[in-house]
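Visitor: Quick one: the structure is below, questions incoming.
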Amino acid sequence: MPLTDMPDFAGIILDDFATRNAMRVDTPVILAAEPFLDMAGEDLRRRIFLTENERGESLCLRPEFTIPVCLRHIETATGTPKRYSYLGQVFRQRREGANEFYQAGIEDLGEKDAASADARIVADALGCLQNVLPGKAFAVTIGDQAVFEAVVAALGLPAGWQRRLVRAFGQTDLLEAMIARLAKAQPVAGLSPEVELLLEAGDEAGLVAHLTNEMDRTGYLTNASRSPEEIVRRLKEKRHLAGVSLDATKLDALKEFLSINVSLRYAPGVLADFAKSANLPLAKAIEGFDARVAALGKAGASLADITWRAAFGRPLDYYTGLVFEITVRGGHDVLVGGGRYDRMLTLLGAKDHIPAVGFSMWLDRIEKSLEALR
């Protein structure tokens with residue numbers, strides 16, 4: 001498929017979106033880079049194509065549609081609930097495949113019944129795939145960042161460690177390294193004896209004065225991105241977190257949770273059993289999880305074809321709950337990915353809280369699967 005050509009099956013997808021009451025929108029190809037740099041996460045940040053305008057403001061080629069669709073919704077103030085669809089080119093570096101490719105998807109904004117909206121978005125994604133790839137069997141993998149956050153909070157870790165673990169959700173190597181680190185408290189390396197003494201004494205004013213003098217002496221103060229006061233706050237937090245460890249029982253509980261990998265039809269019982277055996281207060285998280293499973297069943301999804309992996313996440317920082325990916329059964333290429341991102345619109349400037357969930361389809365990968373059917 002030439003990079004500049006619309007996929008032959010694009011019309012099928014657009015018609016499908018229309019039947020699902022998703023209004024098609026488009027967004028500019030060249031966009032302000034700041035929202036992507038702030039919200040999308042390191043995995044996307046290092047893949048986008050950046051440039052500057054004549055005023056020195058950072059711009060980028062559109063690397064995905066979710067953020068610009070949300071910005072468009074805020075700017076047009078059309079109210080919610082609202083469903084948007086899109087189909088167009090995105091531009092980002094990939095390990096495999098072209099750096100310019102087509103994506104299509106739906107963003108579902110403002111539906112307050114999260115379980116129903118989650119179930120509908122997964123069912124929509126599967127339905128769209130089935131219409132384009134008739135006869136193919138699909139496998140769905142889901143994770144839930146909200147459940148992971150609840151487990152981490154229930155373990156009693158300091159807020160700083162909770163934030164670190166949540167940011168690492170879905171990044172197996174990084175998460176495993178953090179868990180290994182939590183097995184044993186470690187001192188902060190590389191601090192001068194003077195800084196160590198001032199930290200030990202709790203002399204914050206003295207530490208600020210010491211850093212100010214050192215930064216002024218070395219000429220660093222003029223160009224510093226952080227003030228001495230900010231550096232002191234970060235040093236105190238870093239030193240505090242370095243002294244934290246989890247006892248063996250809690251560490252084993254965290255590892256046990258992350259090892260869960262079961263069919264969704266068994267997942268509610270497995271999660272309830274885990275909470276009981278680990279003695280963790282997860283009632284609210286379990287309630288939301290169970291409601292989504294029930295809604296998926298009601299929406300006609302085959303729970304036997306959906307796998308819950310407790311450690312599964314997606315490499316975008318804006319997800320807050322459900323995350324999912326769909327492949328051809330037995331295949332490895334992700335054809336659809338999506339999830340819930342309830343905090344995004346507020347962070348982008350919406351005056352009111354707007355819950356949101358959506359999915360994106362990789363059309364070049366779908367084309368590859370379609371060719372295998374011919």
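Note on naming: chains are A, B, ... as they come in the structure tokens, residues start from 1 per chain, ligands start from 1 in the order shown.
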Dump as CSV the rows for residues of range 112-179 of chain A within 6 Å of range 301-314 of chain A: closest atom pair and distance in Å with one decimal, only C-alpha atoms counted, ordered by chain and rising residue number.
Guide:
```
residue,atom,partner,partner_atom,distance
A:Ala139,CA,A:Asp305,CA,5.5
A:Val140,CA,A:Ile306,CA,4.6
A:Thr141,CA,A:Thr307,CA,4.8
A:Ile142,CA,A:Trp308,CA,5.0
A:Gly143,CA,A:Phe312,CA,4.8
A:Phe169,CA,A:Gly313,CA,5.8
A:Gly170,CA,A:Gly313,CA,3.7
```
Visitor: Mind checking which residues fall within 7 Å of range 45-47 of chain A, counting only C-alpha atoms, ignoring those fewer than 2 positions away in the same chain, and posting them as a list of chain:residue names?
Guide: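 Using only C-alpha atoms, the neighbours found are A:Phe36, A:Leu37, A:Ala40, A:Gly41, A:Glu42, A:Asp43, A:Phe49, A:Arg92, A:Gln93.
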Visitor: Pull all heavy atoms from the residues just selected and write them as a compact mmCIF listing (two decimals), in the first residue's frame.
Guide:
```txt
# COMPACT_ATOMS: atom_id res chain seq x y z
N PHE A 36 1.68 16.82 23.42
CA PHE A 36 2.22 15.47 23.25
C PHE A 36 3.44 15.27 24.15
O PHE A 36 3.60 14.21 24.77
CB PHE A 36 2.60 15.23 21.79
CG PHE A 36 1.45 15.37 20.84
CD1 PHE A 36 1.27 16.55 20.12
CD2 PHE A 36 0.53 14.35 20.67
CE1 PHE A 36 0.21 16.70 19.25
CE2 PHE A 36 -0.54 14.50 19.81
CZ PHE A 36 -0.70 15.67 19.10
N LEU A 37 4.29 16.28 24.24
CA LEU A 37 5.48 16.18 25.09
C LEU A 37 5.10 16.08 26.56
O LEU A 37 5.75 15.40 27.33
CB LEU A 37 6.39 17.40 24.86
CG LEU A 37 6.93 17.56 23.43
CD1 LEU A 37 7.70 18.88 23.31
CD2 LEU A 37 7.81 16.39 23.05
N ALA A 40 1.89 12.43 26.59
CA ALA A 40 1.83 11.14 25.90
C ALA A 40 2.82 10.11 26.42
O ALA A 40 2.63 8.92 26.19
CB ALA A 40 2.06 11.34 24.39
N GLY A 41 3.86 10.52 27.10
CA GLY A 41 4.80 9.55 27.64
C GLY A 41 6.06 9.45 26.82
O GLY A 41 6.12 9.82 25.65
N GLU A 42 7.10 8.93 27.47
CA GLU A 42 8.42 8.88 26.86
C GLU A 42 8.45 8.07 25.57
O GLU A 42 9.13 8.41 24.61
CB GLU A 42 9.43 8.29 27.86
CG GLU A 42 10.86 8.20 27.35
CD GLU A 42 11.43 9.57 26.98
OE1 GLU A 42 11.06 10.57 27.61
OE2 GLU A 42 12.25 9.61 26.03
N ASP A 43 7.69 6.97 25.52
CA ASP A 43 7.72 6.11 24.33
C ASP A 43 7.30 6.88 23.08
O ASP A 43 7.88 6.70 22.02
CB ASP A 43 6.81 4.90 24.54
CG ASP A 43 6.93 3.90 23.41
OD1 ASP A 43 7.97 3.22 23.34
OD2 ASP A 43 5.99 3.80 22.59
N PHE A 49 8.06 13.69 15.22
CA PHE A 49 8.88 14.53 14.34
C PHE A 49 8.64 15.98 14.73
O PHE A 49 7.55 16.52 14.57
CB PHE A 49 8.50 14.29 12.89
CG PHE A 49 8.83 12.90 12.41
CD1 PHE A 49 7.84 11.92 12.35
CD2 PHE A 49 10.12 12.57 12.04
CE1 PHE A 49 8.14 10.64 11.92
CE2 PHE A 49 10.44 11.29 11.60
CZ PHE A 49 9.45 10.32 11.54
N ARG A 92 5.08 9.08 12.96
CA ARG A 92 5.99 8.82 14.07
C ARG A 92 6.91 7.67 13.72
O ARG A 92 6.58 6.81 12.91
CB ARG A 92 5.24 8.56 15.37
CG ARG A 92 4.37 7.31 15.43
CD ARG A 92 3.81 7.16 16.85
NE ARG A 92 3.06 5.95 17.06
CZ ARG A 92 1.74 5.89 17.14
NH1 ARG A 92 1.01 6.99 16.99
NH2 ARG A 92 1.12 4.74 17.37
N GLN A 93 8.06 7.69 14.34
CA GLN A 93 9.04 6.64 14.10
C GLN A 93 8.56 5.34 14.73
O GLN A 93 8.04 5.34 15.85
CB GLN A 93 10.39 7.04 14.69
CG GLN A 93 10.97 8.31 14.09
CD GLN A 93 12.26 8.71 14.74
OE1 GLN A 93 13.27 8.03 14.64
NE2 GLN A 93 12.23 9.85 15.43
```
Visitor: Can you measure CA of Ile179 in chain A to CA of Asp144 in chain A for me? One decimal in Å is fine.
Guide: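 Going from CA of Ile179 in chain A over to CA of Asp144 in chain A covers 18.8 Å.
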Visitor: Identify, with DSSP run on backbone atoms, the residues in range 93-168 of chain A assigned to alpha helix (DSSP H), and express the list as a VMD selection string.
Guide: chain A and resid 114 to 132 145 to 154 159 to 167
Visitor: Where does DSSP see strand (DSSP E or B) in range 8-197 of chain A, if you list the residues as an mmCIF file with all heavy atoms, in the first residue's frame?
Guide:
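Wrote selection16.cif, looks like this:
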```
data_model
loop_
_atom_site.group_PDB
_atom_site.id
_atom_site.type_symbol
_atom_site.label_atom_id
_atom_site.label_comp_id
_atom_site.auth_asym_id
_atom_site.auth_seq_id
_atom_site.Cartn_x
_atom_site.Cartn_y
_atom_site.Cartn_z
ATOM 1 N N MET A 23 -19.233 10.881 15.111
ATOM 2 C CA MET A 23 -19.108 11.940 14.114
ATOM 3 C C MET A 23 -17.663 12.063 13.653
ATOM 4 O O MET A 23 -16.747 12.228 14.473
ATOM 5 C CB MET A 23 -19.561 13.271 14.706
ATOM 6 C CG MET A 23 -19.515 14.429 13.726
ATOM 7 S SD MET A 23 -19.995 15.998 14.507
ATOM 8 C CE MET A 23 -18.515 16.380 15.441
ATOM 9 N N ARG A 24 -17.472 12.001 12.331
ATOM 10 C CA ARG A 24 -16.102 12.079 11.829
ATOM 11 C C ARG A 24 -15.574 13.503 11.934
ATOM 12 O O ARG A 24 -16.249 14.466 11.567
ATOM 13 C CB ARG A 24 -16.014 11.605 10.378
ATOM 14 C CG ARG A 24 -14.555 11.519 9.902
ATOM 15 C CD ARG A 24 -14.418 11.141 8.454
ATOM 16 N NE ARG A 24 -13.018 11.112 8.082
ATOM 17 C CZ ARG A 24 -12.580 10.979 6.846
ATOM 18 N NH1 ARG A 24 -13.442 10.860 5.848
ATOM 19 N NH2 ARG A 24 -11.280 10.958 6.586
ATOM 20 N N ILE A 30 -0.024 19.572 11.235
ATOM 21 C CA ILE A 30 1.027 20.215 12.020
ATOM 22 C C ILE A 30 0.387 20.813 13.267
ATOM 23 O O ILE A 30 -0.546 21.615 13.190
ATOM 24 C CB ILE A 30 1.745 21.298 11.194
ATOM 25 C CG1 ILE A 30 2.407 20.678 9.969
ATOM 26 C CG2 ILE A 30 2.790 22.011 12.055
ATOM 27 C CD1 ILE A 30 3.054 21.688 9.035
ATOM 28 N N LEU A 31 0.890 20.407 14.417
ATOM 29 C CA LEU A 31 0.265 20.759 15.699
ATOM 30 C C LEU A 31 1.312 21.252 16.685
ATOM 31 O O LEU A 31 2.513 20.967 16.545
ATOM 32 C CB LEU A 31 -0.426 19.530 16.292
ATOM 33 C CG LEU A 31 -1.595 18.950 15.500
ATOM 34 C CD1 LEU A 31 -1.786 17.482 15.839
ATOM 35 C CD2 LEU A 31 -2.860 19.732 15.796
ATOM 36 N N ALA A 32 0.852 21.970 17.697
ATOM 37 C CA ALA A 32 1.738 22.328 18.806
ATOM 38 C C ALA A 32 2.238 21.056 19.477
ATOM 39 O O ALA A 32 1.467 20.136 19.740
ATOM 40 C CB ALA A 32 0.997 23.208 19.805
ATOM 41 N N LEU A 50 9.700 16.635 15.224
ATOM 42 C CA LEU A 50 9.603 17.987 15.768
ATOM 43 C C LEU A 50 10.182 19.025 14.816
ATOM 44 O O LEU A 50 11.113 18.751 14.054
ATOM 45 C CB LEU A 50 10.359 18.075 17.101
ATOM 46 C CG LEU A 50 9.727 17.373 18.305
ATOM 47 C CD1 LEU A 50 10.737 17.280 19.437
ATOM 48 C CD2 LEU A 50 8.480 18.113 18.763
ATOM 49 N N THR A 51 9.629 20.226 14.880
ATOM 50 C CA THR A 51 10.179 21.380 14.188
ATOM 51 C C THR A 51 9.825 22.613 15.018
ATOM 52 O O THR A 51 9.275 22.495 16.116
ATOM 53 C CB THR A 51 9.629 21.484 12.747
ATOM 54 O OG1 THR A 51 10.323 22.550 12.081
ATOM 55 C CG2 THR A 51 8.132 21.747 12.732
ATOM 56 N N GLU A 52 10.142 23.808 14.512
ATOM 57 C CA GLU A 52 9.813 25.057 15.198
ATOM 58 C C GLU A 52 9.236 26.046 14.198
ATOM 59 O O GLU A 52 9.559 26.003 13.011
ATOM 60 C CB GLU A 52 11.063 25.684 15.853
ATOM 61 C CG GLU A 52 11.559 24.953 17.083
ATOM 62 C CD GLU A 52 12.691 25.708 17.766
ATOM 63 O OE1 GLU A 52 13.167 26.716 17.175
ATOM 64 O OE2 GLU A 52 13.100 25.309 18.860
ATOM 65 N N SER A 58 7.659 25.036 19.571
ATOM 66 C CA SER A 58 7.816 23.667 19.099
ATOM 67 C C SER A 58 6.543 23.177 18.434
ATOM 68 O O SER A 58 5.444 23.313 18.982
ATOM 69 C CB SER A 58 8.171 22.732 20.259
ATOM 70 O OG SER A 58 9.453 23.013 20.751
ATOM 71 N N LEU A 59 6.699 22.615 17.239
ATOM 72 C CA LEU A 59 5.602 22.018 16.490
ATOM 73 C C LEU A 59 5.962 20.575 16.163
ATOM 74 O O LEU A 59 7.121 20.184 16.229
ATOM 75 C CB LEU A 59 5.347 22.791 15.195
ATOM 76 C CG LEU A 59 5.069 24.292 15.302
ATOM 77 C CD1 LEU A 59 5.023 24.919 13.912
ATOM 78 C CD2 LEU A 59 3.760 24.537 16.044
ATOM 79 N N CYS A 60 4.953 19.795 15.806
ATOM 80 C CA CYS A 60 5.225 18.422 15.410
ATOM 81 C C CYS A 60 4.223 17.973 14.355
ATOM 82 O O CYS A 60 3.127 18.530 14.247
ATOM 83 C CB CYS A 60 5.193 17.477 16.611
ATOM 84 S SG CYS A 60 3.562 17.262 17.358
ATOM 85 N N LEU A 61 4.628 16.986 13.571
ATOM 86 C CA LEU A 61 3.678 16.312 12.707
ATOM 87 C C LEU A 61 2.779 15.453 13.579
ATOM 88 O O LEU A 61 3.243 14.846 14.553
ATOM 89 C CB LEU A 61 4.415 15.438 11.685
ATOM 90 C CG LEU A 61 5.222 16.175 10.614
ATOM 91 C CD1 LEU A 61 5.997 15.174 9.766
ATOM 92 C CD2 LEU A 61 4.312 17.009 9.732
ATOM 93 N N LYS A 82 -20.388 12.708 23.766
ATOM 94 C CA LYS A 82 -20.085 12.948 22.356
ATOM 95 C C LYS A 82 -19.144 11.848 21.876
ATOM 96 O O LYS A 82 -18.200 11.481 22.566
ATOM 97 C CB LYS A 82 -19.405 14.309 22.197
ATOM 98 C CG LYS A 82 -19.326 14.801 20.765
ATOM 99 C CD LYS A 82 -20.633 15.430 20.338
ATOM 100 C CE LYS A 82 -20.510 16.097 18.981
ATOM 101 N NZ LYS A 82 -21.760 16.786 18.599
ATOM 102 N N ARG A 83 -19.451 11.335 20.679
ATOM 103 C CA ARG A 83 -18.582 10.326 20.068
ATOM 104 C C ARG A 83 -17.990 10.901 18.790
ATOM 105 O O ARG A 83 -18.710 11.417 17.947
ATOM 106 C CB ARG A 83 -19.348 9.043 19.745
ATOM 107 C CG ARG A 83 -20.075 8.424 20.915
ATOM 108 C CD ARG A 83 -20.477 6.983 20.582
ATOM 109 N NE ARG A 83 -19.468 6.055 21.034
ATOM 110 C CZ ARG A 83 -19.251 4.865 20.502
ATOM 111 N NH1 ARG A 83 -19.942 4.473 19.442
ATOM 112 N NH2 ARG A 83 -18.321 4.068 20.993
ATOM 113 N N TYR A 84 -16.662 10.805 18.686
ATOM 114 C CA TYR A 84 -15.965 11.271 17.499
ATOM 115 C C TYR A 84 -15.266 10.092 16.825
ATOM 116 O O TYR A 84 -14.814 9.152 17.492
ATOM 117 C CB TYR A 84 -14.896 12.304 17.861
ATOM 118 C CG TYR A 84 -15.433 13.579 18.465
ATOM 119 C CD1 TYR A 84 -15.340 13.807 19.841
ATOM 120 C CD2 TYR A 84 -16.006 14.562 17.669
ATOM 121 C CE1 TYR A 84 -15.812 14.988 20.404
ATOM 122 C CE2 TYR A 84 -16.480 15.743 18.220
ATOM 123 C CZ TYR A 84 -16.381 15.951 19.592
ATOM 124 O OH TYR A 84 -16.856 17.118 20.142
ATOM 125 N N SER A 85 -15.145 10.176 15.506
ATOM 126 C CA SER A 85 -14.341 9.204 14.770
ATOM 127 C C SER A 85 -13.356 9.955 13.891
ATOM 128 O O SER A 85 -13.531 11.148 13.613
ATOM 129 C CB SER A 85 -15.216 8.293 13.911
ATOM 130 O OG SER A 85 -15.838 9.010 12.870
ATOM 131 N N TYR A 86 -12.328 9.258 13.456
ATOM 132 C CA TYR A 86 -11.317 9.869 12.590
ATOM 133 C C TYR A 86 -10.692 8.791 11.712
ATOM 134 O O TYR A 86 -10.734 7.584 12.026
ATOM 135 C CB TYR A 86 -10.224 10.557 13.424
ATOM 136 C CG TYR A 86 -9.534 9.627 14.397
ATOM 137 C CD1 TYR A 86 -8.470 8.814 13.984
ATOM 138 C CD2 TYR A 86 -9.950 9.531 15.720
ATOM 139 C CE1 TYR A 86 -7.853 7.947 14.868
ATOM 140 C CE2 TYR A 86 -9.339 8.669 16.607
ATOM 141 C CZ TYR A 86 -8.284 7.875 16.177
ATOM 142 O OH TYR A 86 -7.682 7.013 17.048
ATOM 143 N N LEU A 87 -10.131 9.211 10.616
ATOM 144 C CA LEU A 87 -9.327 8.350 9.756
ATOM 145 C C LEU A 87 -8.378 9.256 9.000
ATOM 146 O O LEU A 87 -8.807 10.167 8.293
ATOM 147 C CB LEU A 87 -10.199 7.552 8.782
ATOM 148 C CG LEU A 87 -9.504 6.410 8.018
ATOM 149 C CD1 LEU A 87 -10.516 5.367 7.554
ATOM 150 C CD2 LEU A 87 -8.698 6.911 6.810
ATOM 151 N N GLY A 88 -7.094 9.046 9.188
ATOM 152 C CA GLY A 88 -6.108 9.897 8.542
ATOM 153 C C GLY A 88 -4.700 9.418 8.834
ATOM 154 O O GLY A 88 -4.487 8.411 9.513
ATOM 155 N N GLN A 89 -3.735 10.165 8.319
ATOM 156 C CA GLN A 89 -2.339 9.790 8.479
ATOM 157 C C GLN A 89 -1.773 10.321 9.792
ATOM 158 O O GLN A 89 -2.115 11.412 10.248
ATOM 159 C CB GLN A 89 -1.515 10.330 7.307
ATOM 160 C CG GLN A 89 -1.783 9.609 5.993
ATOM 161 C CD GLN A 89 -1.134 10.316 4.829
ATOM 162 O OE1 GLN A 89 -1.507 11.436 4.499
ATOM 163 N NE2 GLN A 89 -0.175 9.664 4.196
ATOM 164 N N VAL A 90 -0.897 9.520 10.369
ATOM 165 C CA VAL A 90 -0.102 9.946 11.519
ATOM 166 C C VAL A 90 1.361 9.726 11.174
ATOM 167 O O VAL A 90 1.703 8.951 10.275
ATOM 168 C CB VAL A 90 -0.497 9.193 12.813
ATOM 169 C CG1 VAL A 90 -1.900 9.543 13.237
ATOM 170 C CG2 VAL A 90 -0.342 7.688 12.652
ATOM 171 N N PHE A 91 2.214 10.417 11.928
ATOM 172 C CA PHE A 91 3.633 10.441 11.594
ATOM 173 C C PHE A 91 4.443 10.218 12.865
ATOM 174 O O PHE A 91 4.479 11.075 13.749
ATOM 175 C CB PHE A 91 4.005 11.796 10.968
ATOM 176 C CG PHE A 91 3.106 12.194 9.831
ATOM 177 C CD1 PHE A 91 1.888 12.822 10.075
ATOM 178 C CD2 PHE A 91 3.470 11.937 8.525
ATOM 179 C CE1 PHE A 91 1.055 13.197 9.034
ATOM 180 C CE2 PHE A 91 2.637 12.306 7.473
ATOM 181 C CZ PHE A 91 1.433 12.935 7.722
ATOM 182 N N GLU A 100 5.092 6.940 8.283
ATOM 183 C CA GLU A 100 3.882 7.659 7.888
ATOM 184 C C GLU A 100 2.837 6.596 7.559
ATOM 185 O O GLU A 100 3.032 5.776 6.667
ATOM 186 C CB GLU A 100 4.167 8.511 6.652
ATOM 187 C CG GLU A 100 2.957 9.215 6.068
ATOM 188 C CD GLU A 100 3.303 9.947 4.775
ATOM 189 O OE1 GLU A 100 4.500 10.001 4.415
ATOM 190 O OE2 GLU A 100 2.368 10.446 4.122
ATOM 191 N N PHE A 101 1.746 6.576 8.326
ATOM 192 C CA PHE A 101 0.765 5.502 8.145
ATOM 193 C C PHE A 101 -0.611 5.993 8.551
ATOM 194 O O PHE A 101 -0.762 7.052 9.156
ATOM 195 C CB PHE A 101 1.161 4.252 8.941
ATOM 196 C CG PHE A 101 1.413 4.493 10.409
ATOM 197 C CD1 PHE A 101 0.446 4.182 11.355
ATOM 198 C CD2 PHE A 101 2.621 5.014 10.855
ATOM 199 C CE1 PHE A 101 0.667 4.394 12.711
ATOM 200 C CE2 PHE A 101 2.856 5.228 12.209
ATOM 201 C CZ PHE A 101 1.878 4.922 13.137
ATOM 202 N N TYR A 102 -1.613 5.212 8.208
ATOM 203 C CA TYR A 102 -3.004 5.582 8.479
ATOM 204 C C TYR A 102 -3.489 4.953 9.783
ATOM 205 O O TYR A 102 -3.193 3.787 10.074
ATOM 206 C CB TYR A 102 -3.918 5.130 7.341
ATOM 207 C CG TYR A 102 -3.902 6.040 6.147
ATOM 208 C CD1 TYR A 102 -2.983 5.843 5.112
ATOM 209 C CD2 TYR A 102 -4.789 7.111 6.037
ATOM 210 C CE1 TYR A 102 -2.961 6.682 4.007
ATOM 211 C CE2 TYR A 102 -4.773 7.950 4.934
ATOM 212 C CZ TYR A 102 -3.859 7.730 3.931
ATOM 213 O OH TYR A 102 -3.837 8.560 2.837
ATOM 214 N N GLN A 103 -4.243 5.750 10.545
ATOM 215 C CA GLN A 103 -4.955 5.242 11.714
ATOM 216 C C GLN A 103 -6.405 5.697 11.635
ATOM 217 O O GLN A 103 -6.725 6.740 11.053
ATOM 218 C CB GLN A 103 -4.329 5.730 13.021
ATOM 219 C CG GLN A 103 -3.084 4.971 13.424
ATOM 220 C CD GLN A 103 -2.691 5.221 14.878
ATOM 221 O OE1 GLN A 103 -2.886 6.300 15.414
ATOM 222 N NE2 GLN A 103 -2.150 4.202 15.516
ATOM 223 N N ALA A 104 -7.267 4.900 12.228
ATOM 224 C CA ALA A 104 -8.682 5.254 12.361
ATOM 225 C C ALA A 104 -9.101 4.903 13.777
ATOM 226 O O ALA A 104 -8.486 4.047 14.421
ATOM 227 C CB ALA A 104 -9.523 4.493 11.341
ATOM 228 N N GLY A 105 -10.143 5.548 14.252
ATOM 229 C CA GLY A 105 -10.574 5.219 15.606
ATOM 230 C C GLY A 105 -11.784 5.998 16.055
ATOM 231 O O GLY A 105 -12.329 6.830 15.322
ATOM 232 N N ILE A 106 -12.183 5.717 17.279
ATOM 233 C CA ILE A 106 -13.323 6.373 17.922
ATOM 234 C C ILE A 106 -12.888 6.871 19.295
ATOM 235 O O ILE A 106 -12.183 6.160 20.024
ATOM 236 C CB ILE A 106 -14.521 5.410 18.068
ATOM 237 C CG1 ILE A 106 -15.115 5.072 16.696
ATOM 238 C CG2 ILE A 106 -15.608 6.006 18.974
ATOM 239 C CD1 ILE A 106 -16.254 4.063 16.749
ATOM 240 N N GLU A 107 -13.297 8.086 19.630
ATOM 241 C CA GLU A 107 -13.108 8.641 20.973
ATOM 242 C C GLU A 107 -14.494 8.902 21.556
ATOM 243 O O GLU A 107 -15.319 9.577 20.947
ATOM 244 C CB GLU A 107 -12.304 9.940 20.932
ATOM 245 C CG GLU A 107 -10.980 9.855 20.184
ATOM 246 C CD GLU A 107 -9.982 8.877 20.778
ATOM 247 O OE1 GLU A 107 -10.174 8.448 21.940
ATOM 248 O OE2 GLU A 107 -9.015 8.538 20.079
ATOM 249 N N ASP A 108 -14.762 8.318 22.714
ATOM 250 C CA ASP A 108 -16.070 8.376 23.370
ATOM 251 C C ASP A 108 -15.929 9.264 24.605
ATOM 252 O O ASP A 108 -15.316 8.864 25.604
ATOM 253 C CB ASP A 108 -16.487 6.949 23.748
ATOM 254 C CG ASP A 108 -17.957 6.837 24.135
ATOM 255 O OD1 ASP A 108 -18.533 7.855 24.552
ATOM 256 O OD2 ASP A 108 -18.514 5.738 24.017
ATOM 257 N N LEU A 109 -16.471 10.469 24.540
ATOM 258 C CA LEU A 109 -16.253 11.473 25.585
ATOM 259 C C LEU A 109 -17.525 11.749 26.373
ATOM 260 O O LEU A 109 -18.587 11.969 25.784
ATOM 261 C CB LEU A 109 -15.754 12.784 24.966
ATOM 262 C CG LEU A 109 -14.562 12.699 24.000
ATOM 263 C CD1 LEU A 109 -14.164 14.108 23.542
ATOM 264 C CD2 LEU A 109 -13.387 11.972 24.620
ATOM 265 N N PHE A 138 -10.169 -13.275 16.650
ATOM 266 C CA PHE A 138 -9.344 -12.275 17.314
ATOM 267 C C PHE A 138 -9.143 -12.607 18.795
ATOM 268 O O PHE A 138 -9.989 -13.247 19.420
ATOM 269 C CB PHE A 138 -9.982 -10.894 17.180
ATOM 270 C CG PHE A 138 -10.166 -10.457 15.758
ATOM 271 C CD1 PHE A 138 -11.426 -10.511 15.149
ATOM 272 C CD2 PHE A 138 -9.087 -10.008 15.020
ATOM 273 C CE1 PHE A 138 -11.593 -10.120 13.842
ATOM 274 C CE2 PHE A 138 -9.255 -9.619 13.697
ATOM 275 C CZ PHE A 138 -10.504 -9.680 13.105
ATOM 276 N N ALA A 139 -8.028 -12.142 19.308
ATOM 277 C CA ALA A 139 -7.726 -12.265 20.733
ATOM 278 C C ALA A 139 -7.609 -10.869 21.324
ATOM 279 O O ALA A 139 -6.959 -9.995 20.739
ATOM 280 C CB ALA A 139 -6.423 -13.029 20.945
ATOM 281 N N VAL A 140 -8.227 -10.665 22.465
ATOM 282 C CA VAL A 140 -8.200 -9.364 23.147
ATOM 283 C C VAL A 140 -7.447 -9.519 24.456
ATOM 284 O O VAL A 140 -7.717 -10.437 25.241
ATOM 285 C CB VAL A 140 -9.625 -8.848 23.431
ATOM 286 C CG1 VAL A 140 -9.563 -7.458 24.072
ATOM 287 C CG2 VAL A 140 -10.463 -8.830 22.166
ATOM 288 N N THR A 141 -6.490 -8.637 24.683
ATOM 289 C CA THR A 141 -5.776 -8.588 25.962
ATOM 290 C C THR A 141 -6.138 -7.286 26.653
ATOM 291 O O THR A 141 -6.055 -6.218 26.035
ATOM 292 C CB THR A 141 -4.256 -8.647 25.757
ATOM 293 O OG1 THR A 141 -3.911 -9.843 25.068
ATOM 294 C CG2 THR A 141 -3.531 -8.620 27.105
ATOM 295 N N ILE A 142 -6.547 -7.371 27.914
ATOM 296 C CA ILE A 142 -6.877 -6.158 28.651
ATOM 297 C C ILE A 142 -6.042 -6.072 29.925
ATOM 298 O O ILE A 142 -5.566 -7.079 30.463
ATOM 299 C CB ILE A 142 -8.381 -6.062 29.013
ATOM 300 C CG1 ILE A 142 -8.740 -7.042 30.122
ATOM 301 C CG2 ILE A 142 -9.256 -6.268 27.800
ATOM 302 C CD1 ILE A 142 -10.095 -6.766 30.733
ATOM 303 N N GLY A 143 -5.842 -4.850 30.352
ATOM 304 C CA GLY A 143 -5.247 -4.562 31.642
ATOM 305 C C GLY A 143 -6.089 -3.491 32.307
ATOM 306 O O GLY A 143 -7.042 -2.978 31.711
ATOM 307 N N ASP A 144 -5.745 -3.138 33.519
ATOM 308 C CA ASP A 144 -6.522 -2.116 34.227
ATOM 309 C C ASP A 144 -5.594 -1.336 35.134
ATOM 310 O O ASP A 144 -5.181 -1.823 36.194
ATOM 311 C CB ASP A 144 -7.650 -2.755 35.035
ATOM 312 C CG ASP A 144 -8.662 -1.729 35.537
ATOM 313 O OD1 ASP A 144 -8.240 -0.629 35.914
ATOM 314 O OD2 ASP A 144 -9.866 -2.040 35.548
#
```
